[in-house]
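Source file: protein37.cif; contents: mmCIF, C-alpha atoms.
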data_final
loop_
_atom_site.label_atom_id
_atom_site.label_comp_id
_atom_site.auth_asym_id
_atom_site.auth_seq_id
_atom_site.Cartn_x
_atom_site.Cartn_y
_atom_site.Cartn_z
CA MET A 213 19.09 46.41 52.64
CA GLY A 214 21.21 43.28 52.66
CA ARG A 215 18.24 41.17 53.73
CA LYS A 216 16.20 42.66 50.88
CA ILE A 217 18.86 41.68 48.32
CA VAL A 218 18.99 38.16 49.71
CA PHE A 219 15.19 37.93 49.46
CA ILE A 220 15.26 39.10 45.83
CA LEU A 221 17.97 36.56 44.95
CA VAL A 222 16.02 33.75 46.57
CA ALA A 223 12.88 34.82 44.74
CA LEU A 224 14.71 34.87 41.40
CA ALA A 225 16.18 31.45 42.09
CA PHE A 226 12.73 30.08 42.90
CA ALA A 227 11.25 31.62 39.76
CA THR A 228 14.04 30.09 37.68
CA PHE A 229 13.30 26.71 39.24
CA LEU A 230 9.62 27.06 38.42
CA VAL A 231 10.37 27.91 34.79
CA PHE A 232 12.80 25.00 34.53
CA ASP A 233 10.37 22.63 36.22
CA TYR A 234 7.54 23.74 33.95
CA GLY A 235 9.76 23.15 30.97
CA LEU A 236 10.31 19.59 32.10
CA CYS A 237 6.59 19.11 32.57
CA ALA A 238 5.91 20.61 29.18
CA GLY A 239 8.45 18.23 27.71
CA LYS A 240 6.48 15.33 29.13
CA LYS A 241 3.43 16.55 27.21
CA VAL A 242 5.03 15.73 23.87
CA ILE A 243 2.96 12.97 22.23
CA GLU A 244 5.32 10.12 21.43
CA LEU A 245 4.24 7.55 18.84
CA ASN A 246 5.85 4.80 16.81
CA TYR A 247 5.27 3.75 13.19
CA ALA A 248 5.85 0.28 11.68
CA ASN A 249 6.36 -0.15 7.92
CA PHE A 250 7.30 -3.34 6.04
CA PHE A 251 8.84 -1.55 3.04
CA PRO A 252 12.66 -1.45 3.18
CA PRO A 253 14.12 1.97 4.14
CA THR A 254 15.36 2.69 0.59
CA HIS A 255 11.97 2.01 -1.03
CA ILE A 256 10.08 5.12 -2.13
CA GLN A 257 7.01 3.99 -0.18
CA ALA A 258 9.12 3.82 2.98
CA LYS A 259 10.56 7.25 2.23
CA LEU A 260 7.05 8.65 1.84
CA GLY A 261 6.19 7.28 5.27
CA GLU A 262 9.21 9.07 6.66
CA SER A 263 8.35 12.39 4.98
CA TRP A 264 4.77 12.07 6.28
CA ILE A 265 6.19 11.77 9.80
CA LYS A 266 8.34 14.87 9.37
CA GLU A 267 5.36 16.85 8.10
CA ILE A 268 3.22 15.78 11.06
CA GLU A 269 5.96 16.80 13.48
CA LYS A 270 6.44 20.12 11.67
CA ARG A 271 2.77 21.09 11.56
CA THR A 272 2.17 20.17 15.18
CA GLY A 273 5.06 22.41 16.20
CA GLY A 274 6.92 19.55 17.82
CA LYS A 275 3.95 18.45 19.93
CA VAL A 276 4.14 15.05 18.23
CA LYS A 277 7.26 12.89 17.98
CA ILE A 278 7.12 9.71 15.88
CA THR A 279 9.78 6.98 15.95
CA TYR A 280 9.98 5.16 12.61
CA PHE A 281 10.57 1.41 12.10
CA PRO A 282 10.73 0.63 8.34
CA GLY A 283 11.81 -2.66 6.79
CA GLY A 284 9.87 -4.83 9.25
CA ALA A 285 12.14 -3.75 12.12
CA LEU A 286 9.24 -3.59 14.60
CA LEU A 287 6.65 -5.83 12.91
CA LYS A 288 6.65 -7.90 9.72
CA GLY A 289 4.20 -7.06 6.97
CA ASN A 290 1.62 -9.69 7.96
CA GLN A 291 1.84 -8.64 11.64
CA ILE A 292 1.33 -4.91 11.25
CA TYR A 293 -2.47 -4.65 11.20
CA ASP A 294 -2.90 -6.77 14.35
CA GLY A 295 0.13 -5.06 15.85
CA VAL A 296 -1.61 -1.69 15.51
CA ILE A 297 -4.82 -3.03 17.04
CA LYS A 298 -2.90 -4.42 20.02
CA GLY A 299 -0.85 -1.24 20.43
CA VAL A 300 2.54 -2.78 19.61
CA ALA A 301 2.69 -0.11 16.91
CA ASP A 302 0.72 3.12 17.12
CA ILE A 303 0.76 3.56 13.33
CA GLY A 304 1.39 1.01 10.59
CA MET A 305 1.65 0.62 6.80
CA SER A 306 1.20 -2.72 5.06
CA CYS A 307 -0.95 -4.68 2.56
CA PHE A 308 -4.49 -5.90 3.15
CA ALA A 309 -3.63 -9.03 1.14
CA TYR A 310 -1.25 -10.21 3.87
CA THR A 311 -4.33 -11.18 5.87
CA ARG A 312 -6.46 -12.54 3.02
CA GLY A 313 -10.09 -13.22 3.97
CA ARG A 314 -10.11 -10.73 6.82
CA PHE A 315 -11.18 -7.78 4.67
CA PRO A 316 -13.91 -9.12 2.34
CA ALA A 317 -15.10 -5.68 1.24
CA ILE A 318 -11.74 -4.00 0.66
CA GLU A 319 -10.45 -7.13 -1.15
CA ALA A 320 -12.60 -6.08 -4.10
CA ILE A 321 -9.89 -3.53 -4.85
CA ASP A 322 -7.42 -6.33 -5.67
CA LEU A 323 -9.61 -7.87 -8.39
CA PRO A 324 -8.34 -7.79 -12.03
CA MET A 325 -10.39 -4.72 -12.91
CA GLY A 326 -8.05 -3.20 -15.47
CA TYR A 327 -6.31 -0.49 -13.45
CA PRO A 328 -4.34 1.79 -15.79
CA SER A 329 -1.98 3.33 -13.20
CA GLY A 330 -0.98 3.54 -9.56
CA LYS A 331 -2.43 7.03 -9.34
CA VAL A 332 -5.83 5.78 -10.43
CA ALA A 333 -5.67 2.69 -8.18
CA THR A 334 -4.74 4.86 -5.20
CA ARG A 335 -7.58 7.30 -5.82
CA VAL A 336 -10.01 4.43 -6.33
CA ILE A 337 -9.21 2.67 -3.05
CA ASN A 338 -9.62 5.90 -1.06
CA GLU A 339 -12.90 6.79 -2.76
CA PHE A 340 -14.13 3.22 -2.28
CA TYR A 341 -13.39 3.43 1.44
CA LYS A 342 -15.12 6.79 1.80
CA LYS A 343 -18.19 5.47 -0.02
CA PHE A 344 -18.67 2.17 1.82
CA ARG A 345 -16.85 2.63 5.16
CA PRO A 346 -16.54 -1.16 5.60
CA LYS A 347 -17.04 -2.29 9.19
CA GLU A 348 -14.05 -4.62 8.87
CA LEU A 349 -11.82 -1.56 9.38
CA ASP A 350 -13.63 -0.22 12.46
CA GLU A 351 -10.98 -1.56 14.86
CA VAL A 352 -8.49 1.06 13.66
CA LYS A 353 -8.39 4.68 12.58
CA VAL A 354 -7.80 4.69 8.82
CA LEU A 355 -5.47 7.57 8.01
CA TYR A 356 -5.24 6.88 4.27
CA LEU A 357 -4.86 4.11 1.70
CA HIS A 358 -2.82 3.58 -1.47
CA ALA A 359 -2.33 0.94 -4.18
CA HIS A 360 0.32 0.04 -6.76
CA GLY A 361 0.13 0.31 -10.54
CA PRO A 362 -1.33 -2.42 -12.77
CA GLY A 363 -0.04 -5.94 -12.21
CA LEU A 364 1.19 -7.23 -15.57
CA LEU A 365 2.77 -10.43 -16.89
CA HIS A 366 6.58 -10.59 -16.96
CA SER A 367 7.88 -13.70 -18.68
CA LYS A 368 10.97 -15.58 -19.85
CA LYS A 369 8.93 -16.70 -22.87
CA ALA A 370 7.12 -14.56 -25.44
CA VAL A 371 3.35 -14.36 -24.95
CA TYR A 372 1.20 -12.85 -27.70
CA LYS A 373 -2.10 -14.64 -27.19
CA MET A 374 -3.90 -16.65 -24.54
CA GLU A 375 -2.86 -19.96 -26.07
CA ASP A 376 0.77 -19.09 -25.30
CA LEU A 377 -0.08 -19.20 -21.59
CA LYS A 378 -1.10 -22.86 -21.55
CA GLY A 379 1.04 -24.69 -18.99
CA LEU A 380 3.14 -21.59 -18.23
CA LYS A 381 4.20 -21.59 -14.57
CA ILE A 382 3.39 -18.15 -13.20
CA ARG A 383 4.39 -16.82 -9.79
CA SER A 384 1.24 -15.34 -8.33
CA THR A 385 -0.62 -14.76 -5.07
CA GLY A 386 -4.21 -14.21 -4.00
CA PHE A 387 -6.48 -13.18 -6.85
CA SER A 388 -3.60 -13.14 -9.35
CA ALA A 389 -3.22 -16.90 -8.79
CA LYS A 390 -6.85 -17.34 -9.78
CA VAL A 391 -6.25 -15.10 -12.80
CA ALA A 392 -3.31 -17.25 -13.91
CA LYS A 393 -5.44 -20.38 -13.68
CA ALA A 394 -8.35 -18.77 -15.53
CA LEU A 395 -5.97 -17.92 -18.40
CA GLY A 396 -4.81 -21.52 -18.69
CA ALA A 397 -1.51 -21.12 -16.87
CA VAL A 398 -0.21 -22.88 -13.76
CA PRO A 399 -0.16 -20.61 -10.68
CA VAL A 400 2.77 -21.01 -8.29
CA ALA A 401 2.32 -19.35 -4.89
CA MET A 402 5.43 -17.43 -3.89
CA PRO A 403 6.35 -14.22 -2.04
CA GLN A 404 8.00 -11.42 -3.99
CA GLY A 405 11.33 -12.00 -2.27
CA GLY A 406 11.77 -15.46 -3.80
CA THR A 407 10.73 -14.55 -7.34
CA TYR A 408 14.13 -13.53 -8.74
CA GLU A 409 15.76 -16.85 -7.88
CA ALA A 410 12.71 -18.85 -9.00
CA LEU A 411 12.80 -17.18 -12.43
CA GLN A 412 16.56 -17.55 -12.64
CA LYS A 413 16.43 -21.28 -11.88
CA GLY A 414 13.36 -22.03 -13.99
CA VAL A 415 11.12 -22.88 -11.05
CA VAL A 416 8.64 -20.48 -12.66
CA ASP A 417 8.43 -19.15 -16.21
CA ALA A 418 6.75 -15.84 -15.44
CA THR A 419 5.33 -13.59 -12.74
CA PHE A 420 2.36 -11.29 -12.26
CA SER A 421 3.57 -8.00 -10.77
CA PRO A 422 3.61 -4.25 -11.41
CA MET A 423 6.38 -2.82 -13.60
CA GLU A 424 8.01 -1.52 -10.42
CA VAL A 425 9.50 -4.95 -9.59
CA LEU A 426 11.60 -4.99 -12.77
CA LYS A 427 13.98 -2.47 -11.24
CA GLY A 428 13.02 -2.42 -7.57
CA TRP A 429 13.49 -6.18 -7.27
CA LYS A 430 15.85 -6.46 -10.29
CA GLN A 431 13.55 -8.99 -11.96
CA ALA A 432 14.25 -7.50 -15.40
CA GLU A 433 17.55 -9.38 -15.17
CA VAL A 434 15.77 -12.75 -15.25
CA ILE A 435 12.86 -12.15 -17.65
CA LYS A 436 12.78 -11.29 -21.36
CA TYR A 437 9.26 -10.03 -22.00
CA THR A 438 6.56 -7.93 -20.38
CA VAL A 439 3.01 -8.36 -21.66
CA GLU A 440 0.89 -5.21 -21.42
CA CYS A 441 -2.31 -6.97 -20.35
CA TYR A 442 -3.90 -3.82 -18.94
CA SER A 443 -7.43 -5.17 -19.41
CA ILE A 444 -6.80 -7.51 -16.45
CA GLY A 445 -4.41 -5.23 -14.58
CA TYR A 446 -4.86 -5.82 -10.85
CA THR A 447 -3.55 -3.89 -7.86
CA THR A 448 -2.79 -4.49 -4.18
CA GLY A 449 -4.51 -2.32 -1.62
CA MET A 450 -2.35 -0.92 1.19
CA PHE A 451 -3.17 0.88 4.41
CA VAL A 452 -1.82 3.46 6.83
CA VAL A 453 -3.75 3.04 10.07
CA MET A 454 -3.54 4.12 13.72
CA ASN A 455 -4.45 2.39 16.95
CA LYS A 456 -8.03 3.44 17.75
CA ARG A 457 -7.45 4.17 21.44
CA LYS A 458 -4.36 6.21 20.66
CA TRP A 459 -6.28 8.19 18.04
CA ASN A 460 -9.14 8.92 20.44
CA SER A 461 -6.65 10.19 23.02
CA LEU A 462 -5.27 12.87 20.69
CA PRO A 463 -6.44 16.50 21.03
CA GLU A 464 -8.73 17.66 18.22
CA ASP A 465 -6.16 20.07 16.80
CA ILE A 466 -3.62 17.24 16.54
CA GLN A 467 -6.19 14.95 14.90
CA LYS A 468 -6.88 17.67 12.36
CA VAL A 469 -3.19 17.83 11.41
CA PHE A 470 -3.04 14.06 10.95
CA GLU A 471 -6.09 14.11 8.69
CA GLU A 472 -4.90 17.07 6.62
CA VAL A 473 -1.41 15.64 6.02
CA SER A 474 -2.79 12.17 5.28
CA GLU A 475 -5.16 13.56 2.65
CA GLU A 476 -2.23 15.30 0.95
CA TRP A 477 -0.09 12.15 0.96
CA ILE A 478 -2.63 10.12 -1.05
CA ALA A 479 -1.59 11.76 -4.33
CA LYS A 480 2.10 11.51 -3.40
CA HIS A 481 1.85 7.73 -3.07
CA GLY A 482 -0.05 7.37 -6.35
CA ASP A 483 2.53 9.45 -8.19
CA ALA A 484 5.36 7.50 -6.57
CA TRP A 485 3.94 4.16 -7.72
CA ASP A 486 3.74 5.45 -11.29
CA ALA A 487 7.26 6.85 -11.14
CA SER A 488 8.51 3.45 -9.93
CA ASP A 489 6.70 1.73 -12.80
CA ALA A 490 8.30 4.15 -15.28
CA GLU A 491 11.73 3.35 -13.84
CA GLY A 492 11.00 -0.36 -14.14
CA ARG A 493 10.04 0.05 -17.79
CA LYS A 494 13.16 2.06 -18.55
CA PHE A 495 15.37 -0.48 -16.79
CA THR A 496 13.96 -3.53 -18.57
CA LEU A 497 14.29 -1.87 -21.98
CA SER A 498 17.89 -0.91 -21.18
CA LEU A 499 18.62 -4.63 -20.79
CA GLY A 500 17.21 -5.40 -24.23
CA ASN A 501 13.98 -6.93 -23.00
CA LYS A 502 10.83 -6.59 -25.08
CA ILE A 503 7.45 -5.14 -24.16
CA ILE A 504 4.51 -6.82 -25.92
CA PRO A 505 1.25 -4.85 -26.13
CA LEU A 506 -1.87 -6.99 -26.51
CA SER A 507 -4.21 -6.18 -29.37
CA ALA A 508 -7.65 -4.85 -28.52
CA SER A 509 -9.29 -8.14 -29.45
CA GLU A 510 -6.81 -10.19 -27.43
CA SER A 511 -7.19 -7.87 -24.44
CA ALA A 512 -10.95 -8.45 -24.60
CA ARG A 513 -10.38 -12.22 -24.64
CA TRP A 514 -8.23 -12.05 -21.50
CA ALA A 515 -10.76 -9.86 -19.71
CA LYS A 516 -13.56 -12.29 -20.58
CA ALA A 517 -11.49 -15.27 -19.42
CA VAL A 518 -10.90 -13.80 -15.95
CA ARG A 519 -14.49 -12.65 -15.44
CA PRO A 520 -15.27 -15.83 -13.43
CA VAL A 521 -12.70 -14.68 -10.84
CA ILE A 522 -14.73 -11.53 -10.29
CA ASP A 523 -18.03 -13.44 -10.31
CA GLU A 524 -16.68 -15.89 -7.73
CA TYR A 525 -15.69 -13.01 -5.47
CA VAL A 526 -19.15 -11.44 -5.79
CA ALA A 527 -20.91 -14.70 -4.95
CA GLY A 528 -18.62 -15.32 -1.99
CA VAL A 529 -19.10 -11.95 -0.29
CA GLU A 530 -22.82 -11.83 -0.97
CA LYS A 531 -23.15 -15.07 0.99
CA LYS A 532 -21.68 -13.06 3.87
CA GLY A 533 -24.36 -10.43 3.43
CA LEU A 534 -22.16 -7.89 1.65
CA PRO A 535 -23.11 -6.07 -1.60
CA GLY A 536 -20.48 -7.67 -3.86
CA LYS A 537 -22.10 -6.55 -7.12
CA GLU A 538 -22.27 -3.00 -5.85
CA TYR A 539 -18.60 -3.10 -4.86
CA VAL A 540 -17.52 -4.25 -8.32
CA GLU A 541 -19.72 -1.76 -10.14
CA ALA A 542 -18.48 1.06 -7.90
CA ILE A 543 -14.86 0.19 -8.68
CA ARG A 544 -15.52 0.15 -12.43
CA ASN A 545 -17.15 3.56 -12.20
CA LEU A 546 -14.36 4.92 -9.99
CA ILE A 547 -11.69 3.77 -12.44
CA LYS A 548 -13.44 5.79 -15.14
CA LYS A 549 -13.99 8.76 -12.84
CA CYS A 550 -10.39 8.77 -11.62
CA GLY A 551 -8.81 8.81 -15.06
CA GLY A 552 -9.06 5.29 -16.41
CA LYS A 553 -10.27 4.41 -19.87
#

Mind turning this structure into C-alpha cells?
Amino acid sequence: MGRKIVFILVALAFATFLVFDYGLCAGKKVIELNYANFFPPTHIQAKLGESWIKEIEKRTGGKVKITYFPGGALLKGNQIYDGVIKGVADIGMSCFAYTRGRFPAIEAIDLPMGYPSGKVATRVINEFYKKFRPKELDEVKVLYLHAHGPGLLHSKKAVYKMEDLKGLKIRSTGFSAKVAKALGAVPVAMPQGGTYEALQKGVVDATFSPMEVLKGWKQAEVIKYTVECYSIGYTTGMFVVMNKRKWNSLPEDIQKVFEEVSEEWIAKHGDAWDASDAEGRKFTLSLGNKIIPLSASESARWAKAVRPVIDEYVAGVEKKGLPGKEYVEAIRNLIKKCGGK
C-alpha cells in the first residue's frame, strides 16, 4: 500500500511538471512585436497608436504582445519606413513626405486639392490606396493610412487677397513650398519643430500648416491671422505598416484581427485630426487672433494659381509610366464622395 501511495505521489508530481512545462512552452508562443511612432507620446495620434495596440492584444486574447516606442524613441520619423522593411521595427507610423520622391503615386494625396477636413483626407487616402494598390508599397504590409486636415495659411500679417502674399516669407515643405511660390510668396524650407522660433524672430512671416499646429505646437502665440484658403487646402499622407516577413509569419486568425482593428481605426484618426483642428481654432481665437475667410472669387483665384503645381506633378509621374491624370481625377472624385464640397 505504501509503495502504491509513493507511485501516485510521483505520478502527480510528474503531471504537475508537465503542466508547468507546457505553460512555459505556451508562454513562448506569444507573438512579440514592436511598434515605432514619431509622434510624441502626448499627441493624440500617438495615443491612437497605443489604443490600437491594446485592442489588438485584447482581441487576440493575449496571443500578441506589442512594445510601443512613440516619440522617435526607436526610430526617427524619416527612418521608420526603412526601419520596418529591415525589421528594426515590426510596425511603424510616419509620413510618406519624409521620404519625398520614393512614393510617386501616393504623393498625389499631398497635392493642394482642397481637402475640407481630416476625416475626408483620411478616407480619401485609404480609398486611393485600395483603388490603385501602388507597387511602391509592396515591400510592406499596409495596415491602414491617415491624413491631417487642410493645410492653411497662418500669418503675422493680414492676407485678404493674392497680392498680399507678394514677398511674404512662408515656412513650407514639399508641395506646400511650390504652392507658396505659385502664389507669389517666398517659400522657406523648415521642419515643424523650428517654426515657432522662426515666426517669433521674424525669420518667416507665415506658415502653411493645419489648424492643429496652433495649439499642438503653440504657434497661435506667434501669429495673428489664419487665412481660410480651403480651395488649396493640402494634406500629408501618413502610414501604419508592418514588416512583410513578419506579417506573412502570422497565423490567419491573427492577421484577421489586425485587419479588422486597423479598418476601425481609420475613422478614429480622421475624427482625431478634426478634433485637433477645432482645438487649434478655439485656442487661436482665445488669444485674440483673427480668422480671415477668402471670398469665393478669391478662393478661385488661388486655386487657379496653384494649378501648375498639380500639372507639374502629373507630367512628372507620367514620365515614369504612372497614370498621373487618373490619380488626380480619382482624388477629386473621392473628395466629393467622402464628404467634400

The PyMOL selection byres ((chain A and resi 531-540) around 12) on the file shown: which residues, as a count of residues only?
-> 42

Would you translate the PyMOL selection byres ((chain A and resi 275) around 10) into the concrete set of residues it matches in this file, as a ChimeraX atom specification?
-> /A:238-239,241-244,268-274,276-277,466

With only C-alpha atoms as the basis for distance, which of A:Gly304, A:Gly299, A:Gly283, A:Gly406 is at the shortest distance from Ile265 of chain A?
->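 Between A:Gly304, A:Gly299, A:Gly283, A:Gly406, the residue approaching Ile265 of chain A most closely is A:Gly304.
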
Tell me, in Å to one decimal, how far atom CA of Lys266 of chain A is from atom CA of Thr254 of chain A.
->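 That distance, rounded to one decimal, is 16.6 Å.
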
For Phe420 of chain A, the nearest of the candidates A:Phe451, A:Gly379, A:Leu364, A:Ala392, counting only C-alpha atoms = A:Leu364

Point-to-point distance in Å for atom CA of Thr447 of chain A and atom CA of Arg335 of chain A |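 According to the coordinates, atom CA of Arg335 of chain A and atom CA of Thr447 of chain A are separated by 12.1 Å.
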
Using only C-alpha atoms: which of A:Ala479, A:Cys441, A:Met402, A:Met450 has the shortest distance to Ala309 of chain A = A:Met450
